[in-house]
>>> print(open('coords-v2.cif').read())   # mmCIF, C-alpha atoms
data_model
#
loop_
_atom_site.group_PDB
_atom_site.id
_atom_site.type_symbol
_atom_site.label_atom_id
_atom_site.label_comp_id
_atom_site.auth_asym_id
_atom_site.auth_seq_id
_atom_site.Cartn_x
_atom_site.Cartn_y
_atom_site.Cartn_z
ATOM 1 C CA MET A 130 -78.284 -188.125 -106.768
ATOM 2 C CA THR A 131 -80.474 -187.602 -103.729
ATOM 3 C CA HIS A 132 -82.531 -184.455 -103.453
ATOM 4 C CA THR A 133 -83.711 -183.291 -100.055
ATOM 5 C CA THR A 134 -86.837 -181.160 -100.126
ATOM 6 C CA THR A 135 -88.839 -179.564 -97.384
ATOM 7 C CA ALA A 136 -92.587 -179.830 -97.776
ATOM 8 C CA ALA A 137 -93.749 -176.223 -97.702
ATOM 9 C CA TRP A 138 -97.470 -176.767 -97.317
ATOM 10 C CA PRO A 139 -97.521 -178.547 -93.925
ATOM 11 C CA ALA A 140 -95.314 -175.861 -92.387
ATOM 12 C CA LEU A 141 -97.386 -173.077 -93.906
ATOM 13 C CA GLN A 142 -100.656 -174.759 -92.951
ATOM 14 C CA SER A 143 -99.488 -174.940 -89.362
ATOM 15 C CA ALA A 144 -98.430 -171.280 -89.381
ATOM 16 C CA LEU A 145 -101.813 -170.198 -90.762
ATOM 17 C CA ALA A 146 -103.957 -172.294 -88.442
ATOM 18 C CA GLY A 147 -106.198 -170.057 -86.343
ATOM 19 C CA ARG A 148 -105.192 -166.876 -88.173
ATOM 20 C CA THR A 149 -107.674 -164.216 -89.282
ATOM 21 C CA PHE A 150 -107.889 -163.335 -92.966
ATOM 22 C CA THR A 151 -109.141 -159.814 -93.765
ATOM 23 C CA ASP A 152 -110.017 -158.831 -97.318
ATOM 24 C CA LEU A 153 -108.840 -155.263 -97.936
ATOM 25 C CA THR A 154 -110.242 -155.071 -101.466
ATOM 26 C CA HIS A 155 -113.338 -153.301 -102.760
ATOM 27 C CA SER A 156 -115.322 -155.100 -105.467
ATOM 28 C CA PHE A 157 -115.133 -152.875 -108.529
ATOM 29 C CA HIS A 158 -118.094 -152.024 -110.724
ATOM 30 C CA PRO A 159 -119.378 -149.373 -113.143
ATOM 31 C CA GLY A 160 -120.256 -146.101 -111.465
ATOM 32 C CA GLN A 161 -117.813 -146.398 -108.592
ATOM 33 C CA PRO A 162 -115.645 -143.478 -107.371
ATOM 34 C CA ARG A 163 -112.764 -142.705 -109.698
ATOM 35 C CA PHE A 164 -110.280 -140.023 -110.723
ATOM 36 C CA ALA A 165 -112.289 -137.378 -112.570
ATOM 37 C CA ALA A 166 -110.287 -137.646 -115.800
ATOM 38 C CA PHE A 167 -110.884 -141.401 -116.094
ATOM 39 C CA PRO A 168 -113.797 -142.920 -118.018
ATOM 40 C CA ASP A 169 -116.250 -145.188 -116.252
ATOM 41 C CA GLU A 170 -116.023 -148.960 -116.494
ATOM 42 C CA THR A 171 -117.990 -150.693 -119.227
ATOM 43 C CA ARG A 172 -118.788 -154.393 -119.014
ATOM 44 C CA ASP A 173 -120.272 -156.635 -121.682
ATOM 45 C CA ALA A 174 -121.368 -160.262 -121.516
ATOM 46 C CA LEU A 175 -119.894 -161.797 -124.657
ATOM 47 C CA PHE A 176 -121.392 -165.155 -123.697
ATOM 48 C CA ASP A 177 -124.064 -165.710 -121.067
ATOM 49 C CA LEU A 178 -125.401 -168.915 -119.529
ATOM 50 C CA GLY A 179 -128.650 -167.042 -118.900
ATOM 51 C CA ASN A 180 -129.073 -166.568 -122.643
ATOM 52 C CA GLY A 181 -128.475 -170.218 -123.420
ATOM 53 C CA ASP A 182 -124.731 -170.007 -124.126
ATOM 54 C CA GLY A 183 -122.489 -172.797 -122.920
ATOM 55 C CA PHE A 184 -120.583 -170.507 -120.560
ATOM 56 C CA THR A 185 -120.458 -166.939 -119.256
ATOM 57 C CA ALA A 186 -117.632 -164.576 -120.236
ATOM 58 C CA HIS A 187 -117.436 -160.834 -119.704
ATOM 59 C CA ARG A 188 -115.346 -158.179 -121.383
ATOM 60 C CA TYR A 189 -114.220 -155.465 -118.964
ATOM 61 C CA SER A 190 -113.114 -152.033 -120.099
ATOM 62 C CA ILE A 191 -111.299 -150.242 -117.289
ATOM 63 C CA VAL A 192 -108.330 -147.976 -116.677
ATOM 64 C CA GLY A 193 -105.493 -149.592 -114.748
ATOM 65 C CA GLN A 194 -106.061 -147.375 -111.712
ATOM 66 C CA TRP A 195 -109.512 -148.812 -110.990
ATOM 67 C CA GLY A 196 -110.932 -149.570 -107.554
ATOM 68 C CA THR A 197 -108.450 -151.054 -105.101
ATOM 69 C CA HIS A 198 -105.374 -150.947 -107.313
ATOM 70 C CA VAL A 199 -101.597 -151.021 -107.413
ATOM 71 C CA ASP A 200 -99.449 -148.138 -108.659
ATOM 72 C CA PRO A 201 -95.919 -149.179 -109.678
ATOM 73 C CA PRO A 202 -93.153 -146.579 -110.063
ATOM 74 C CA SER A 203 -93.827 -146.315 -113.816
ATOM 75 C CA HIS A 204 -97.240 -144.778 -113.108
ATOM 76 C CA PHE A 205 -95.530 -141.423 -112.471
ATOM 77 C CA ILE A 206 -91.847 -142.000 -113.208
ATOM 78 C CA ARG A 207 -90.426 -142.379 -116.709
ATOM 79 C CA GLY A 208 -88.283 -145.520 -116.766
ATOM 80 C CA GLY A 209 -89.646 -146.670 -113.393
ATOM 81 C CA ARG A 210 -90.421 -150.299 -112.646
ATOM 82 C CA THR A 211 -93.544 -151.640 -114.280
ATOM 83 C CA LEU A 212 -95.947 -154.175 -112.757
ATOM 84 C CA ASP A 213 -94.284 -157.148 -114.408
ATOM 85 C CA ARG A 214 -90.945 -156.163 -112.858
ATOM 86 C CA ILE A 215 -92.137 -156.313 -109.246
ATOM 87 C CA PRO A 216 -91.158 -159.809 -108.016
ATOM 88 C CA VAL A 217 -93.752 -162.000 -106.359
ATOM 89 C CA GLN A 218 -91.688 -162.287 -103.163
ATOM 90 C CA ASP A 219 -92.305 -158.556 -102.652
ATOM 91 C CA MET A 220 -96.079 -159.140 -102.579
ATOM 92 C CA ILE A 221 -96.011 -160.645 -99.079
ATOM 93 C CA LEU A 222 -94.830 -158.093 -96.540
ATOM 94 C CA PRO A 223 -95.034 -157.250 -92.827
ATOM 95 C CA LEU A 224 -97.954 -154.889 -92.255
ATOM 96 C CA VAL A 225 -97.672 -151.653 -90.285
ATOM 97 C CA VAL A 226 -100.881 -149.702 -89.667
ATOM 98 C CA LEU A 227 -100.659 -145.990 -88.820
ATOM 99 C CA ASP A 228 -104.003 -144.915 -87.406
ATOM 100 C CA ILE A 229 -105.140 -141.286 -87.676
ATOM 101 C CA THR A 230 -108.865 -142.078 -87.748
ATOM 102 C CA GLU A 231 -109.786 -140.020 -84.682
ATOM 103 C CA ARG A 232 -108.032 -136.973 -86.105
ATOM 104 C CA VAL A 233 -109.721 -137.435 -89.490
ATOM 105 C CA ASP A 234 -113.104 -137.653 -87.789
ATOM 106 C CA GLN A 235 -112.455 -134.145 -86.451
ATOM 107 C CA ASP A 236 -110.630 -132.753 -89.497
ATOM 108 C CA ALA A 237 -111.066 -134.295 -92.944
ATOM 109 C CA ASP A 238 -107.820 -132.649 -94.102
ATOM 110 C CA ALA A 239 -105.704 -134.446 -91.482
ATOM 111 C CA THR A 240 -102.362 -136.043 -92.368
ATOM 112 C CA PRO A 241 -99.915 -138.109 -90.286
ATOM 113 C CA VAL A 242 -97.017 -136.485 -88.450
ATOM 114 C CA LEU A 243 -93.714 -137.897 -87.263
ATOM 115 C CA GLN A 244 -95.082 -138.149 -83.743
ATOM 116 C CA ASP A 245 -97.551 -140.774 -85.016
ATOM 117 C CA VAL A 246 -94.639 -142.893 -86.207
ATOM 118 C CA GLN A 247 -92.648 -142.312 -83.030
ATOM 119 C CA GLU A 248 -95.581 -143.332 -80.852
ATOM 120 C CA TRP A 249 -96.163 -146.418 -83.025
ATOM 121 C CA GLU A 250 -92.529 -147.420 -82.509
ATOM 122 C CA ASP A 251 -92.747 -146.725 -78.765
ATOM 123 C CA ARG A 252 -95.548 -149.295 -78.600
ATOM 124 C CA ASN A 253 -94.295 -151.831 -81.132
ATOM 125 C CA GLY A 254 -90.580 -151.391 -81.770
ATOM 126 C CA THR A 255 -88.810 -150.168 -84.879
ATOM 127 C CA ILE A 256 -90.733 -150.489 -88.141
ATOM 128 C CA PRO A 257 -89.237 -153.515 -89.918
ATOM 129 C CA PRO A 258 -87.416 -152.870 -93.196
ATOM 130 C CA GLY A 259 -89.410 -154.021 -96.190
ATOM 131 C CA SER A 260 -92.741 -153.266 -94.522
ATOM 132 C CA PHE A 261 -96.010 -152.284 -96.148
ATOM 133 C CA VAL A 262 -97.245 -149.227 -94.231
ATOM 134 C CA ALA A 263 -100.986 -148.603 -94.428
ATOM 135 C CA LEU A 264 -102.593 -145.323 -93.418
ATOM 136 C CA ARG A 265 -105.821 -145.973 -91.522
ATOM 137 C CA THR A 266 -108.198 -143.019 -91.881
ATOM 138 C CA GLY A 267 -111.669 -144.591 -91.829
ATOM 139 C CA TRP A 268 -112.242 -143.043 -95.258
ATOM 140 C CA SER A 269 -113.220 -146.382 -96.824
ATOM 141 C CA ARG A 270 -116.481 -146.212 -94.849
ATOM 142 C CA ARG A 271 -117.586 -143.725 -97.512
ATOM 143 C CA TRP A 272 -117.182 -146.215 -100.373
ATOM 144 C CA PRO A 273 -118.800 -146.398 -102.924
ATOM 145 C CA ASP A 274 -120.343 -142.924 -102.592
ATOM 146 C CA GLY A 275 -118.324 -140.792 -104.979
ATOM 147 C CA GLN A 276 -119.434 -137.476 -103.514
ATOM 148 C CA ALA A 277 -118.639 -138.606 -99.986
ATOM 149 C CA MET A 278 -115.220 -139.882 -101.064
ATOM 150 C CA ALA A 279 -114.346 -136.573 -102.785
ATOM 151 C CA ASN A 280 -115.911 -134.498 -99.964
ATOM 152 C CA ARG A 281 -115.863 -131.235 -101.905
ATOM 153 C CA GLY A 282 -116.812 -127.927 -100.339
ATOM 154 C CA ALA A 283 -118.945 -125.245 -101.980
ATOM 155 C CA ASP A 284 -115.763 -123.891 -103.593
ATOM 156 C CA GLY A 285 -115.014 -127.230 -105.237
ATOM 157 C CA ILE A 286 -112.028 -127.953 -102.983
ATOM 158 C CA SER A 287 -111.754 -131.594 -101.928
ATOM 159 C CA HIS A 288 -111.278 -132.222 -98.217
ATOM 160 C CA THR A 289 -109.757 -135.675 -97.825
ATOM 161 C CA PRO A 290 -106.919 -137.029 -95.693
ATOM 162 C CA GLY A 291 -103.602 -138.053 -97.180
ATOM 163 C CA TRP A 292 -99.973 -138.710 -96.404
ATOM 164 C CA SER A 293 -97.383 -136.087 -95.437
ATOM 165 C CA ARG A 294 -93.925 -135.601 -96.910
ATOM 166 C CA GLU A 295 -92.193 -135.791 -93.530
ATOM 167 C CA VAL A 296 -93.699 -139.202 -92.768
ATOM 168 C CA LEU A 297 -93.142 -140.681 -96.236
ATOM 169 C CA SER A 298 -89.537 -139.443 -96.271
ATOM 170 C CA PHE A 299 -88.877 -140.960 -92.855
ATOM 171 C CA LEU A 300 -90.438 -144.288 -93.799
ATOM 172 C CA VAL A 301 -88.426 -144.537 -97.009
ATOM 173 C CA GLU A 302 -85.107 -143.022 -95.971
ATOM 174 C CA GLU A 303 -84.905 -144.116 -92.332
ATOM 175 C CA ARG A 304 -86.941 -147.346 -92.270
ATOM 176 C CA ASN A 305 -86.486 -148.614 -95.849
ATOM 177 C CA ILE A 306 -90.096 -149.689 -96.302
ATOM 178 C CA SER A 307 -91.201 -151.429 -99.504
ATOM 179 C CA ALA A 308 -94.669 -150.002 -100.122
ATOM 180 C CA VAL A 309 -97.507 -147.905 -98.740
ATOM 181 C CA GLY A 310 -101.281 -148.094 -98.916
ATOM 182 C CA HIS A 311 -104.257 -145.949 -98.004
ATOM 183 C CA GLU A 312 -108.059 -145.947 -97.937
ATOM 184 C CA GLN A 313 -108.597 -142.686 -99.793
ATOM 185 C CA THR A 314 -108.347 -142.119 -103.550
ATOM 186 C CA ASP A 315 -104.967 -140.395 -103.559
ATOM 187 C CA THR A 316 -101.621 -140.364 -101.787
ATOM 188 C CA ASP A 317 -101.835 -136.581 -101.480
ATOM 189 C CA PRO A 318 -104.532 -134.920 -99.358
ATOM 190 C CA GLY A 319 -107.460 -133.317 -101.132
ATOM 191 C CA LEU A 320 -106.202 -129.784 -100.473
ATOM 192 C CA ALA A 321 -103.210 -130.646 -102.684
ATOM 193 C CA THR A 322 -104.922 -132.673 -105.412
ATOM 194 C CA SER A 323 -107.562 -129.958 -105.821
ATOM 195 C CA ARG A 324 -104.823 -127.669 -107.136
ATOM 196 C CA GLY A 325 -103.215 -130.397 -109.266
ATOM 197 C CA ASP A 326 -100.454 -131.172 -106.774
ATOM 198 C CA PHE A 327 -99.533 -134.872 -106.689
ATOM 199 C CA GLY A 328 -96.089 -134.323 -105.198
ATOM 200 C CA LEU A 329 -96.336 -137.045 -102.556
ATOM 201 C CA GLU A 330 -97.357 -139.708 -105.055
ATOM 202 C CA THR A 331 -94.522 -138.574 -107.292
ATOM 203 C CA TYR A 332 -92.114 -138.800 -104.361
ATOM 204 C CA ILE A 333 -93.025 -142.314 -103.210
ATOM 205 C CA LEU A 334 -92.983 -143.758 -106.734
ATOM 206 C CA ALA A 335 -89.712 -141.978 -107.533
ATOM 207 C CA GLN A 336 -88.138 -143.901 -104.647
ATOM 208 C CA ASP A 337 -88.879 -147.164 -106.539
ATOM 209 C CA ARG A 338 -91.659 -148.042 -104.101
ATOM 210 C CA TRP A 339 -95.141 -149.161 -105.068
ATOM 211 C CA GLN A 340 -98.466 -148.379 -103.455
ATOM 212 C CA ILE A 341 -102.027 -149.636 -103.094
ATOM 213 C CA GLU A 342 -104.816 -147.071 -103.294
ATOM 214 C CA LEU A 343 -108.430 -147.391 -102.146
ATOM 215 C CA LEU A 344 -107.852 -150.087 -99.579
ATOM 216 C CA ALA A 345 -111.002 -151.391 -97.941
ATOM 217 C CA ASP A 346 -111.625 -150.924 -94.223
ATOM 218 C CA LEU A 347 -108.482 -151.283 -92.100
ATOM 219 C CA SER A 348 -110.293 -150.874 -88.792
ATOM 220 C CA GLY A 349 -110.211 -154.522 -87.707
ATOM 221 C CA LEU A 350 -106.465 -154.973 -88.079
ATOM 222 C CA PRO A 351 -103.776 -154.819 -85.386
ATOM 223 C CA GLU A 352 -101.329 -151.976 -85.830
ATOM 224 C CA SER A 353 -98.427 -154.423 -85.882
ATOM 225 C CA GLY A 354 -97.760 -158.117 -86.287
ATOM 226 C CA ALA A 355 -99.944 -158.827 -89.320
ATOM 227 C CA VAL A 356 -98.889 -159.700 -92.867
ATOM 228 C CA VAL A 357 -100.259 -158.154 -96.047
ATOM 229 C CA VAL A 358 -100.568 -160.042 -99.312
ATOM 230 C CA ALA A 359 -101.035 -157.914 -102.429
ATOM 231 C CA SER A 360 -101.279 -159.422 -105.885
ATOM 232 C CA TRP A 361 -102.365 -158.323 -109.324
ATOM 233 C CA ALA A 362 -102.355 -159.321 -112.986
ATOM 234 C CA LYS A 363 -99.098 -159.170 -114.939
ATOM 235 C CA PRO A 364 -99.566 -156.912 -117.960
ATOM 236 C CA SER A 365 -96.328 -156.396 -119.843
ATOM 237 C CA GLU A 366 -94.994 -152.932 -118.941
ATOM 238 C CA GLY A 367 -98.179 -152.318 -116.945
ATOM 239 C CA SER A 368 -98.572 -148.951 -115.202
ATOM 240 C CA GLY A 369 -101.364 -149.989 -112.828
ATOM 241 C CA PHE A 370 -104.052 -152.615 -112.332
ATOM 242 C CA PRO A 371 -106.825 -153.631 -109.918
ATOM 243 C CA ALA A 372 -105.278 -155.552 -107.030
ATOM 244 C CA ARG A 373 -106.503 -158.211 -104.618
ATOM 245 C CA VAL A 374 -105.177 -157.365 -101.160
ATOM 246 C CA PHE A 375 -105.682 -159.149 -97.862
ATOM 247 C CA ALA A 376 -104.138 -159.279 -94.421
ATOM 248 C CA ILE A 377 -103.304 -162.250 -92.225
ATOM 249 C CA SER A 378 -103.272 -161.539 -88.505
#
>>> encode(input="coords-v2.cif", output="structure tokens")
Amino acid sequence: MTHTTTAAWPALQSALAGRTFTDLTHSFHPGQPRFAAFPDETRDALFDLGNGDGFTAHRYSIVGQWGTHVDPPSHFIRGGRTLDRIPVQDMILPLVVLDITERVDQDADATPVLQDVQEWEDRNGTIPPGSFVALRTGWSRRWPDGQAMANRGADGISHTPGWSREVLSFLVEERNISAVGHEQTDTDPGLATSRGDFGLETYILAQDRWQIELLADLSGLPESGAVVVASWAKPSEGSGFPARVFAIS
């Protein structure tokens, strides 16, 4: 029996030649910004070359939602897909960047509106199904300053950008996207999370979509035409984990 195979690497190597690779991942470490209810990271060197051991090995103690991380549906939805049930072919997606940075610079509470999507499509065509849509806000410039990320007023209210229900609903129901991502800590704007309202995160995960939170700076990326690669560890029934995310443009 003769088997005909196509060598994948030469074709992929040719496609990647001259492309730009952009790391969209923050390095995580103890003391970094985090959800207030979560404990800080602890890290121990179980073995250390500097102490004369034959190798170095660290033990990390972190919550799953730590640094640049992935939230699968099970993070908020009982019975939702867990990390190990998201197939690897869904980790490479067309990248759509919605940019509201200028608005955020004027109003930290800004959120996208349908006109942002309509204008994006006027310039670039219809958002492809299966896309990863990233919200560019410039908020990652504040990392890793926890106070700057939370941006709380004297009354304790957090003023941070976030998504809007009208845009998320359109992206899911009309464009059938696969996932979303954002630079800030939460899907919901700070005005909502300050009163315990995580309705937008609940919505997107209830639609069997996944998301990446705390993306690193999106400013150097084109708004269309790039590819995002998002990968993470595979804990059985995992509800979240630090992710390594990068774009190819």
>>> resolve_selection(input="coords-v2.cif", expression="the PyMOL selection byres ((chain A and resi 345) around 9)", output="NGL selection string")
:A and (152-155 or 197 or 268-270 or 272 or 311-312 or 343-344 or 346-347 or 374)
>>> residues_around(input="coords-v2.cif", residues="stretch 284-301 of chain A", least_positions_apart="2", cutoff="9 Å", atoms="only C-alpha atoms", output="count of residues only")
47
>>> residues_around(input="coords-v2.cif", residues="A:Ser360", least_positions_apart="2", cutoff="9 Å", atoms="only C-alpha atoms", output="PyMOL selection string")
chain A and resi 199+217+220-221+358+362+371-374
>>> atom_distance(input="coords-v2.cif", atom1="atom CA of A:Arg148", atom2="atom CA of A:Ser378")
5.7 Å
>>> resolve_selection(input="coords-v2.cif", expression="the PyMOL selection byres ((chain A and resi 230) around 9)", output="number ranges by chain")
A: 228-229, 231-235, 265-268, 348
>>> atom_distance(input="coords-v2.cif", atom1="atom CA of A:Phe327", atom2="atom CA of A:Glu248")
27.5 Å
>>> closest_residue(input="coords-v2.cif", among="A:Pro223, A:Gly196, A:Gly325, A:Thr331", to="A:Pro351", atoms="all atoms listed in the file")
A:Pro223
>>> atom_distance(input="coords-v2.cif", atom1="atom CA of A:Ile341", atom2="atom CA of A:Arg252")
25.3 Å
>>> residues_around(input="coords-v2.cif", residues="A:Arg163", least_positions_apart="4", cutoff="9 Å", atoms="all atoms listed in the file", output="ChimeraX atom specification")
/A:167-169,194-196,275,314
>>> resolve_selection(input="coords-v2.cif", expression="the PyMOL selection byres ((chain A and resi 151) around 7)", output="number ranges by chain")
A: 149-150, 152-153, 375-377
>>> residues_around(input="coords-v2.cif", residues="stretch 208-212 of chain A", least_positions_apart="3", cutoff="6 Å", atoms="all atoms listed in the file", output="list of chain:residue names")
A:Pro201, A:Pro202, A:Ser203, A:Ile215, A:Glu366, A:Gly367, A:Ser368
>>> write_last_selection(input="coords-v2.cif", atoms="C-alpha atoms", output="PDB file, keeping the file's coordinate frame")
ATOM      1  CA  PRO A 201     -95.919-149.179-109.678  1.00  0.00           C
ATOM      2  CA  PRO A 202     -93.153-146.579-110.063  1.00  0.00           C
ATOM      3  CA  SER A 203     -93.827-146.315-113.816  1.00  0.00           C
ATOM      4  CA  ILE A 215     -92.137-156.313-109.246  1.00  0.00           C
ATOM      5  CA  GLU A 366     -94.994-152.932-118.941  1.00  0.00           C
ATOM      6  CA  GLY A 367     -98.179-152.318-116.945  1.00  0.00           C
ATOM      7  CA  SER A 368     -98.572-148.951-115.202  1.00  0.00           C
TER       8      SER A 368
END
>>> residues_around(input="coords-v2.cif", residues="A:Phe184", least_positions_apart="5", cutoff="12 Å", atoms="only C-alpha atoms", output="list of chain:residue names")
A:Ala174, A:Leu175, A:Phe176, A:Asp177, A:Leu178, A:Gly179
>>> axis_aligned_box(input="coords-v2.cif", around="stretch 178-194 of chain A", padding_each_side="6 Å", output="AutoDock Vina command-line options")
--center_x -117.3 --center_y -160.1 --center_z -117.9 --size_x 35.6 --size_y 37.4 --size_z 24.4
>>> closest_residue(input="coords-v2.cif", among="A:Ile191, A:Ala186, A:Ala166, A:Ala146", to="A:Phe370", atoms="all atoms listed in the file")
A:Ile191
>>> closest_residue(input="coords-v2.cif", among="A:His204, A:Asp213, A:Asn180, A:Val357", to="A:Ser260", atoms="all atoms listed in the file")
A:Val357
>>> decode(input="coords-v2.cif", residues="stretch 248-257 of chain A", atoms="all heavy atoms", output="mmCIF file, in the first residue's frame")
data_model
loop_
_atom_site.group_PDB
_atom_site.id
_atom_site.type_symbol
_atom_site.label_atom_id
_atom_site.label_comp_id
_atom_site.auth_asym_id
_atom_site.auth_seq_id
_atom_site.Cartn_x
_atom_site.Cartn_y
_atom_site.Cartn_z
ATOM 1 N N GLU A 248 -17.788 50.097 11.457
ATOM 2 C CA GLU A 248 -16.692 50.814 10.801
ATOM 3 C C GLU A 248 -15.521 49.879 10.513
ATOM 4 O O GLU A 248 -14.866 50.002 9.476
ATOM 5 C CB GLU A 248 -16.249 51.985 11.678
ATOM 6 C CG GLU A 248 -17.288 53.098 11.741
ATOM 7 C CD GLU A 248 -16.877 54.223 12.670
ATOM 8 O OE1 GLU A 248 -15.826 54.093 13.355
ATOM 9 O OE2 GLU A 248 -17.606 55.239 12.724
ATOM 10 N N TRP A 249 -15.268 48.921 11.422
ATOM 11 C CA TRP A 249 -14.235 47.912 11.165
ATOM 12 C C TRP A 249 -14.576 47.131 9.896
ATOM 13 O O TRP A 249 -13.717 46.908 9.030
ATOM 14 C CB TRP A 249 -14.105 46.970 12.362
ATOM 15 C CG TRP A 249 -12.934 46.037 12.285
ATOM 16 C CD1 TRP A 249 -11.730 46.180 12.905
ATOM 17 C CD2 TRP A 249 -12.854 44.803 11.546
ATOM 18 N NE1 TRP A 249 -10.897 45.128 12.594
ATOM 19 C CE2 TRP A 249 -11.556 44.269 11.758
ATOM 20 C CE3 TRP A 249 -13.728 44.110 10.728
ATOM 21 C CZ2 TRP A 249 -11.136 43.070 11.181
ATOM 22 C CZ3 TRP A 249 -13.317 42.920 10.141
ATOM 23 C CH2 TRP A 249 -12.035 42.404 10.370
ATOM 24 N N GLU A 250 -15.839 46.723 9.775
ATOM 25 C CA GLU A 250 -16.246 45.938 8.610
ATOM 26 C C GLU A 250 -16.270 46.786 7.341
ATOM 27 O O GLU A 250 -16.008 46.269 6.243
ATOM 28 C CB GLU A 250 -17.607 45.278 8.870
ATOM 29 C CG GLU A 250 -17.543 44.225 9.967
ATOM 30 C CD GLU A 250 -18.767 43.332 10.013
ATOM 31 O OE1 GLU A 250 -19.868 43.812 9.651
ATOM 32 O OE2 GLU A 250 -18.625 42.168 10.396
ATOM 33 N N ASP A 251 -16.550 48.069 7.456
ATOM 34 C CA ASP A 251 -16.474 48.954 6.285
ATOM 35 C C ASP A 251 -15.049 48.993 5.733
ATOM 36 O O ASP A 251 -14.842 49.047 4.517
ATOM 37 C CB ASP A 251 -16.913 50.372 6.658
ATOM 38 C CG ASP A 251 -18.413 50.487 6.883
ATOM 39 O OD1 ASP A 251 -19.156 49.589 6.447
ATOM 40 O OD2 ASP A 251 -18.837 51.480 7.515
ATOM 41 N N ARG A 252 -14.076 48.931 6.623
ATOM 42 C CA ARG A 252 -12.670 48.993 6.204
ATOM 43 C C ARG A 252 -12.117 47.647 5.781
ATOM 44 O O ARG A 252 -11.251 47.559 4.903
ATOM 45 C CB ARG A 252 -11.805 49.541 7.346
ATOM 46 C CG ARG A 252 -12.067 50.989 7.718
ATOM 47 C CD ARG A 252 -11.039 51.500 8.716
ATOM 48 N NE ARG A 252 -11.050 50.762 9.973
ATOM 49 C CZ ARG A 252 -11.780 51.102 11.023
ATOM 50 N NH1 ARG A 252 -12.575 52.170 10.974
ATOM 51 N NH2 ARG A 252 -11.730 50.394 12.150
ATOM 52 N N ASN A 253 -12.619 46.560 6.394
ATOM 53 C CA ASN A 253 -11.950 45.265 6.252
ATOM 54 C C ASN A 253 -12.823 44.134 5.727
ATOM 55 O O ASN A 253 -12.315 43.050 5.443
ATOM 56 C CB ASN A 253 -11.387 44.833 7.614
ATOM 57 C CG ASN A 253 -10.447 45.848 8.201
ATOM 58 O OD1 ASN A 253 -9.331 46.022 7.729
ATOM 59 N ND2 ASN A 253 -10.886 46.541 9.262
ATOM 60 N N GLY A 254 -14.113 44.360 5.607
ATOM 61 C CA GLY A 254 -15.011 43.278 5.217
ATOM 62 C C GLY A 254 -15.604 42.607 6.445
ATOM 63 O O GLY A 254 -15.250 42.919 7.589
ATOM 64 N N THR A 255 -16.496 41.675 6.207
ATOM 65 C CA THR A 255 -17.209 41.005 7.292
ATOM 66 C C THR A 255 -16.247 40.233 8.186
ATOM 67 O O THR A 255 -15.326 39.567 7.700
ATOM 68 C CB THR A 255 -18.261 40.039 6.711
ATOM 69 O OG1 THR A 255 -19.153 40.783 5.869
ATOM 70 C CG2 THR A 255 -19.064 39.373 7.813
ATOM 71 N N ILE A 256 -16.455 40.321 9.487
ATOM 72 C CA ILE A 256 -15.635 39.561 10.435
ATOM 73 C C ILE A 256 -15.780 38.075 10.133
ATOM 74 O O ILE A 256 -16.896 37.554 10.084
ATOM 75 C CB ILE A 256 -16.070 39.867 11.878
ATOM 76 C CG1 ILE A 256 -15.713 41.324 12.231
ATOM 77 C CG2 ILE A 256 -15.442 38.901 12.864
ATOM 78 C CD1 ILE A 256 -16.230 41.771 13.573
ATOM 79 N N PRO A 257 -14.665 37.374 9.924
ATOM 80 C CA PRO A 257 -14.750 35.953 9.573
ATOM 81 C C PRO A 257 -15.321 35.117 10.719
ATOM 82 O O PRO A 257 -15.016 35.376 11.888
ATOM 83 C CB PRO A 257 -13.285 35.557 9.309
ATOM 84 C CG PRO A 257 -12.554 36.843 9.112
ATOM 85 C CD PRO A 257 -13.272 37.861 9.943
#
